[in-house]
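Peer 1: First the structure, which I've put down as structure tokens, then a few questions once you've had a look.
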Amino acid sequence: MKASFDFKDNNVFVFGGTSGINLGIARCFAAAGASVAVASRSQEKVDAAVAELKSLGSSASGYALDVRDAEAVQAALAEHDAAAGALDILISGAAGNFPAFAKDMSPNGFKSVVDIDLLGTFHVLRSAFQYLKKPGASVINISAPQAFVPMPMQSHVCAAKAGVDMLTRTLALEWGAYGIRINSIAPGPIADTEGMRRLAPSEAIANQYKKSVPLQRFGAAEEIGQAAMFLSSDVAQYISGVVLPVDGGWSVAGA
Ligand code: NAP
Ligand code: COA
């Protein structure tokens, strides 16, 4: 059974919201009545996501940018603020991943993922602060179980997402007095996503992966959207600084 949420008149901005899990989150907020902005590198993906969100009834907007470019992030947030006003909900989910053993990874390969996931999240949070509704905004960073479960071939992601979760906890301390809540969601393996295409490239590996999840299945992007709506809703107003695994129990069982 799905929970039903109402985010009418809410302004939501999803960084990395043009595909996969983050687009699933954007869809959930749009379907619940919010006005949703998305941003990612590809103009084509931005345009397609905006068209889809508009078809759900949302007054959607989009920005083509790289979260590694702090000035571009700042400019998009300023433009959005001028057009739509303060943000009720901010999601930072842009990320990169590829499987590689640390000993075989180039310094630039490691740096690319840390720059997108961790530094990019810092750019988003730092710039968004002035545009967040105070009091009342909900901020969610999209983390991963790799932040607390070490996984071979994922040293870059493990390091970057652990950093993202510490940003969540630190900013919960710094921003609590402004009435801003900030939490992480750590999705487990989610079906039909680029992340899982990279980590489970064959049906055999995907089936093995599924058996490692206590609930014996991959999750759906919409289930992460439901968790994001819960954390941003009226019933979660005393929740800040947590890392919420939404993973069918995968992180309890371990890698
Ligand atoms: P995805 O579809 O590739 O989503 C990544 C999004 O970020 C895309 O919209 C991508 O669009 C954007 N992006 C990538 N690099 C960017 C950059 N430098 N600047 C701006 N935007 C950028 O992959 P996904 O698997 O759904 O992953 C979404 C999130 O969930 C990530 O944070 C990931 O770490 C997390 N996660 C995924 C899983 C999973 O099972 N898939 C599990 C745990 C956590 P462009 O290419 O247009 O930039
Ligand atoms: N194995 C090892 N190293 C890899 C790699 C792989 N599969 N893919 C990329 N790299 C290395 C590159 O060789 C390069 O290092 P080098 O300059 O020393 O050769 C470095 O990573 C950067 O690659 P580049 O393609 O220039 O980076 P980019 O900024 O265009 O893209 C990535 C960033 C690499 C993270 C790319 O995979 C991406 O855009 N991912 C977004 C989508 C995604 O990962 N979705 C899942 C989200 S969880």
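Convention: chains lettered A, B, ... in structure tokens order; per-chain residue numbering from 1; ligands numbered from 1 as shown.
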If we count only C-alpha atoms and set the cut-off at 6 Å, which residues sit around region 208-219 of chain A, ignoring sequence neighbours fewer than 6 positions away in its own chain? Please answer as JSON, numbers by chain.
Peer 2: {"A": [189, 190, 191, 248, 249, 250]}
Peer 1: Which chain A residues have any atom within 6 Å of an atom of ligand 1, and for each, what is the nearest pair of atoms with distance in Å to one decimal, counting only C-alpha atoms and all ligand atoms, rows sorted by chain and number, as a tab-separated table?
Peer 2:
```
residue	atom	partner	partner_atom_place_in_ligand_line	distance
A:Gly16	CA	ligand 1	7 (O)	3.5
A:Gly17	CA	ligand 1	9 (O)	4.9
A:Thr18	CA	ligand 1	9 (O)	4.0
A:Ser19	CA	ligand 1	2 (O)	4.1
A:Gly20	CA	ligand 1	26 (O)	3.3
A:Ile21	CA	ligand 1	26 (O)	3.9
A:Asn22	CA	ligand 1	28 (C)	5.5
A:Ser40	CA	ligand 1	21 (N)	3.5
A:Arg41	CA	ligand 1	48 (O)	3.7
A:Ser42	CA	ligand 1	47 (O)	3.8
A:Lys45	CA	ligand 1	47 (O)	5.6
A:Leu65	CA	ligand 1	20 (C)	5.7
A:Asp66	CA	ligand 1	19 (N)	3.4
A:Val67	CA	ligand 1	19 (N)	4.0
A:Arg68	CA	ligand 1	18 (N)	5.7
A:Gly93	CA	ligand 1	32 (O)	4.1
A:Ala94	CA	ligand 1	7 (O)	3.5
A:Ala95	CA	ligand 1	32 (O)	4.5
A:Gly96	CA	ligand 1	15 (N)	5.4
A:Ile116	CA	ligand 1	18 (N)	5.0
A:Ile142	CA	ligand 1	32 (O)	5.0
A:Ser143	CA	ligand 1	44 (C)	5.6
A:Ala144	CA	ligand 1	44 (C)	4.0
A:Ala186	CA	ligand 1	44 (C)	5.9
A:Pro187	CA	ligand 1	43 (C)	4.3
A:Gly188	CA	ligand 1	42 (C)	4.9
A:Pro189	CA	ligand 1	40 (O)	3.6
A:Ile190	CA	ligand 1	40 (O)	3.8
A:Thr193	CA	ligand 1	25 (O)	4.5
A:Glu194	CA	ligand 1	25 (O)	4.4
A:Gly195	CA	ligand 1	25 (O)	3.3
A:Met196	CA	ligand 1	41 (N)	4.8
```
Peer 1: Taking the DSSP assignment computed from this structure's backbone, write out as a PyMOL selection string all residues of region 18-167 of chain A that belong to strand (DSSP E or B).
Peer 2: chain A and resi 35-40+61-64+87+89-92+132+138-142
Peer 1: So that I have them on file, write out the residues from the current selection with N, CA, C and O atoms, as a PDB file, in the first residue's frame.
Peer 2:
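Final output, selection-v1.pdb:
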```pdb
ATOM      1  N   SER A  35       5.794  21.778  -7.486  1.00  0.00           N
ATOM      2  CA  SER A  35       6.472  22.350  -8.643  1.00  0.00           C
ATOM      3  C   SER A  35       7.923  21.841  -8.558  1.00  0.00           C
ATOM      4  O   SER A  35       8.587  22.025  -7.538  1.00  0.00           O
ATOM      5  N   VAL A  36       8.407  21.173  -9.616  1.00  0.00           N
ATOM      6  CA  VAL A  36       9.687  20.459  -9.513  1.00  0.00           C
ATOM      7  C   VAL A  36      10.691  20.958 -10.545  1.00  0.00           C
ATOM      8  O   VAL A  36      10.399  20.998 -11.746  1.00  0.00           O
ATOM      9  N   ALA A  37      11.888  21.322 -10.065  1.00  0.00           N
ATOM     10  CA  ALA A  37      12.999  21.656 -10.963  1.00  0.00           C
ATOM     11  C   ALA A  37      14.015  20.528 -10.922  1.00  0.00           C
ATOM     12  O   ALA A  37      14.213  19.894  -9.875  1.00  0.00           O
ATOM     13  N   VAL A  38      14.630  20.260 -12.077  1.00  0.00           N
ATOM     14  CA  VAL A  38      15.670  19.224 -12.137  1.00  0.00           C
ATOM     15  C   VAL A  38      16.915  19.814 -12.804  1.00  0.00           C
ATOM     16  O   VAL A  38      16.819  20.780 -13.565  1.00  0.00           O
ATOM     17  N   ALA A  39      18.070  19.209 -12.510  1.00  0.00           N
ATOM     18  CA  ALA A  39      19.311  19.657 -13.150  1.00  0.00           C
ATOM     19  C   ALA A  39      20.229  18.468 -13.379  1.00  0.00           C
ATOM     20  O   ALA A  39      20.349  17.594 -12.512  1.00  0.00           O
ATOM     21  N   SER A  40      20.861  18.431 -14.561  1.00  0.00           N
ATOM     22  CA  SER A  40      21.941  17.470 -14.820  1.00  0.00           C
ATOM     23  C   SER A  40      22.714  17.963 -16.041  1.00  0.00           C
ATOM     24  O   SER A  40      22.377  19.011 -16.597  1.00  0.00           O
ATOM     25  N   SER A  61      10.685  22.840 -14.289  1.00  0.00           N
ATOM     26  CA  SER A  61      11.728  23.585 -14.994  1.00  0.00           C
ATOM     27  C   SER A  61      13.023  22.781 -14.912  1.00  0.00           C
ATOM     28  O   SER A  61      13.146  21.863 -14.094  1.00  0.00           O
ATOM     29  N   GLY A  62      13.984  23.127 -15.791  1.00  0.00           N
ATOM     30  CA  GLY A  62      15.213  22.331 -15.829  1.00  0.00           C
ATOM     31  C   GLY A  62      16.435  23.164 -16.145  1.00  0.00           C
ATOM     32  O   GLY A  62      16.343  24.227 -16.772  1.00  0.00           O
ATOM     33  N   TYR A  63      17.582  22.676 -15.711  1.00  0.00           N
ATOM     34  CA  TYR A  63      18.859  23.372 -15.895  1.00  0.00           C
ATOM     35  C   TYR A  63      19.920  22.355 -16.296  1.00  0.00           C
ATOM     36  O   TYR A  63      20.074  21.324 -15.620  1.00  0.00           O
ATOM     37  N   ALA A  64      20.634  22.652 -17.384  1.00  0.00           N
ATOM     38  CA  ALA A  64      21.740  21.780 -17.801  1.00  0.00           C
ATOM     39  C   ALA A  64      23.014  22.309 -17.152  1.00  0.00           C
ATOM     40  O   ALA A  64      23.446  23.439 -17.426  1.00  0.00           O
ATOM     41  N   LEU A  87      12.934  27.520  -1.750  1.00  0.00           N
ATOM     42  CA  LEU A  87      12.797  26.063  -1.881  1.00  0.00           C
ATOM     43  C   LEU A  87      12.256  25.439  -0.599  1.00  0.00           C
ATOM     44  O   LEU A  87      12.794  25.672   0.480  1.00  0.00           O
ATOM     45  N   ILE A  89      11.934  21.995  -0.605  1.00  0.00           N
ATOM     46  CA  ILE A  89      12.587  20.680  -0.588  1.00  0.00           C
ATOM     47  C   ILE A  89      13.737  20.668  -1.587  1.00  0.00           C
ATOM     48  O   ILE A  89      13.569  21.072  -2.747  1.00  0.00           O
ATOM     49  N   LEU A  90      14.903  20.242  -1.113  1.00  0.00           N
ATOM     50  CA  LEU A  90      16.084  20.143  -1.969  1.00  0.00           C
ATOM     51  C   LEU A  90      16.596  18.710  -1.908  1.00  0.00           C
ATOM     52  O   LEU A  90      16.780  18.149  -0.828  1.00  0.00           O
ATOM     53  N   ILE A  91      16.819  18.127  -3.104  1.00  0.00           N
ATOM     54  CA  ILE A  91      17.388  16.775  -3.172  1.00  0.00           C
ATOM     55  C   ILE A  91      18.717  16.871  -3.918  1.00  0.00           C
ATOM     56  O   ILE A  91      18.765  17.410  -5.036  1.00  0.00           O
ATOM     57  N   SER A  92      19.788  16.348  -3.316  1.00  0.00           N
ATOM     58  CA  SER A  92      21.073  16.318  -3.999  1.00  0.00           C
ATOM     59  C   SER A  92      21.416  14.867  -4.325  1.00  0.00           C
ATOM     60  O   SER A  92      21.733  14.080  -3.424  1.00  0.00           O
ATOM     61  N   LEU A 132      16.827  28.356   0.684  1.00  0.00           N
ATOM     62  CA  LEU A 132      15.951  27.398   1.373  1.00  0.00           C
ATOM     63  C   LEU A 132      14.964  28.135   2.277  1.00  0.00           C
ATOM     64  O   LEU A 132      15.314  29.161   2.889  1.00  0.00           O
ATOM     65  N   SER A 138      13.231  21.011   3.871  1.00  0.00           N
ATOM     66  CA  SER A 138      13.745  19.639   4.025  1.00  0.00           C
ATOM     67  C   SER A 138      14.791  19.395   2.946  1.00  0.00           C
ATOM     68  O   SER A 138      14.528  19.625   1.761  1.00  0.00           O
ATOM     69  N   VAL A 139      15.971  18.959   3.364  1.00  0.00           N
ATOM     70  CA  VAL A 139      17.053  18.658   2.423  1.00  0.00           C
ATOM     71  C   VAL A 139      17.356  17.169   2.509  1.00  0.00           C
ATOM     72  O   VAL A 139      17.440  16.617   3.615  1.00  0.00           O
ATOM     73  N   ILE A 140      17.501  16.540   1.343  1.00  0.00           N
ATOM     74  CA  ILE A 140      17.824  15.102   1.336  1.00  0.00           C
ATOM     75  C   ILE A 140      19.002  14.861   0.400  1.00  0.00           C
ATOM     76  O   ILE A 140      18.977  15.256  -0.777  1.00  0.00           O
ATOM     77  N   ASN A 141      20.044  14.232   0.936  1.00  0.00           N
ATOM     78  CA  ASN A 141      21.164  13.786   0.106  1.00  0.00           C
ATOM     79  C   ASN A 141      20.952  12.316  -0.244  1.00  0.00           C
ATOM     80  O   ASN A 141      20.586  11.522   0.630  1.00  0.00           O
ATOM     81  N   ILE A 142      21.179  11.984  -1.519  1.00  0.00           N
ATOM     82  CA  ILE A 142      21.060  10.577  -1.913  1.00  0.00           C
ATOM     83  C   ILE A 142      22.425   9.918  -1.735  1.00  0.00           C
ATOM     84  O   ILE A 142      23.389  10.212  -2.443  1.00  0.00           O
TER      85      ILE A 142
END
```
Peer 1: Let me see if you get this right: every residue at most 7 Å from ligand 2, counting only C-alpha atoms and all ligand atoms, written as a ChimeraX atom specification.
Peer 2: /A:95-100,105-110,112-113,194-195
Peer 1: Write out as an MDAnalysis selection string which residues come within 7 Å of Gly24 (chain A) when counting only C-alpha atoms, dropping same-chain ones fewer than 3 positions away.
Peer 2: chainID A and resid 20:21 27:28 221:222 225
Peer 1: Using only C-alpha atoms for the distances, tell me which of A:Gln146, A:Gln237, A:Gln130, A:Ser155 is nearest to Lys111 (chain A).
Peer 2: A:Ser155
Peer 1: With distances taken over only C-alpha atoms, which residue among A:Phe29, A:Ser232, A:Asp115, A:Pro245 lies nearest Ala159 (chain A)?
Peer 2: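 Counting only C-alpha atoms, the residue closest to Ala159 (chain A) is A:Asp115.
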Peer 1: As a ChimeraX atom specification, which residues of region 173-245 of chain A does DSSP assign to helix (DSSP H, G or I)?
Peer 2: /A:173-178,194-199,203-211,221-232,234-236
Peer 1: In Å, rounded to a single decimal, give me how far CA of Ala204 (chain A) is from CA of Pro152 (chain A).
Peer 2: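 CA of Ala204 (chain A) lies at a distance of 18.4 Å from CA of Pro152 (chain A).
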Peer 1: Taking 5 positions as the minimum chain separation for residues in the same chain, which residues sit within 9 Å of Leu56 (chain A) when counting only C-alpha atoms? Answer as a ChimeraX atom specification.
Peer 2: /A:27,30-31,33,51
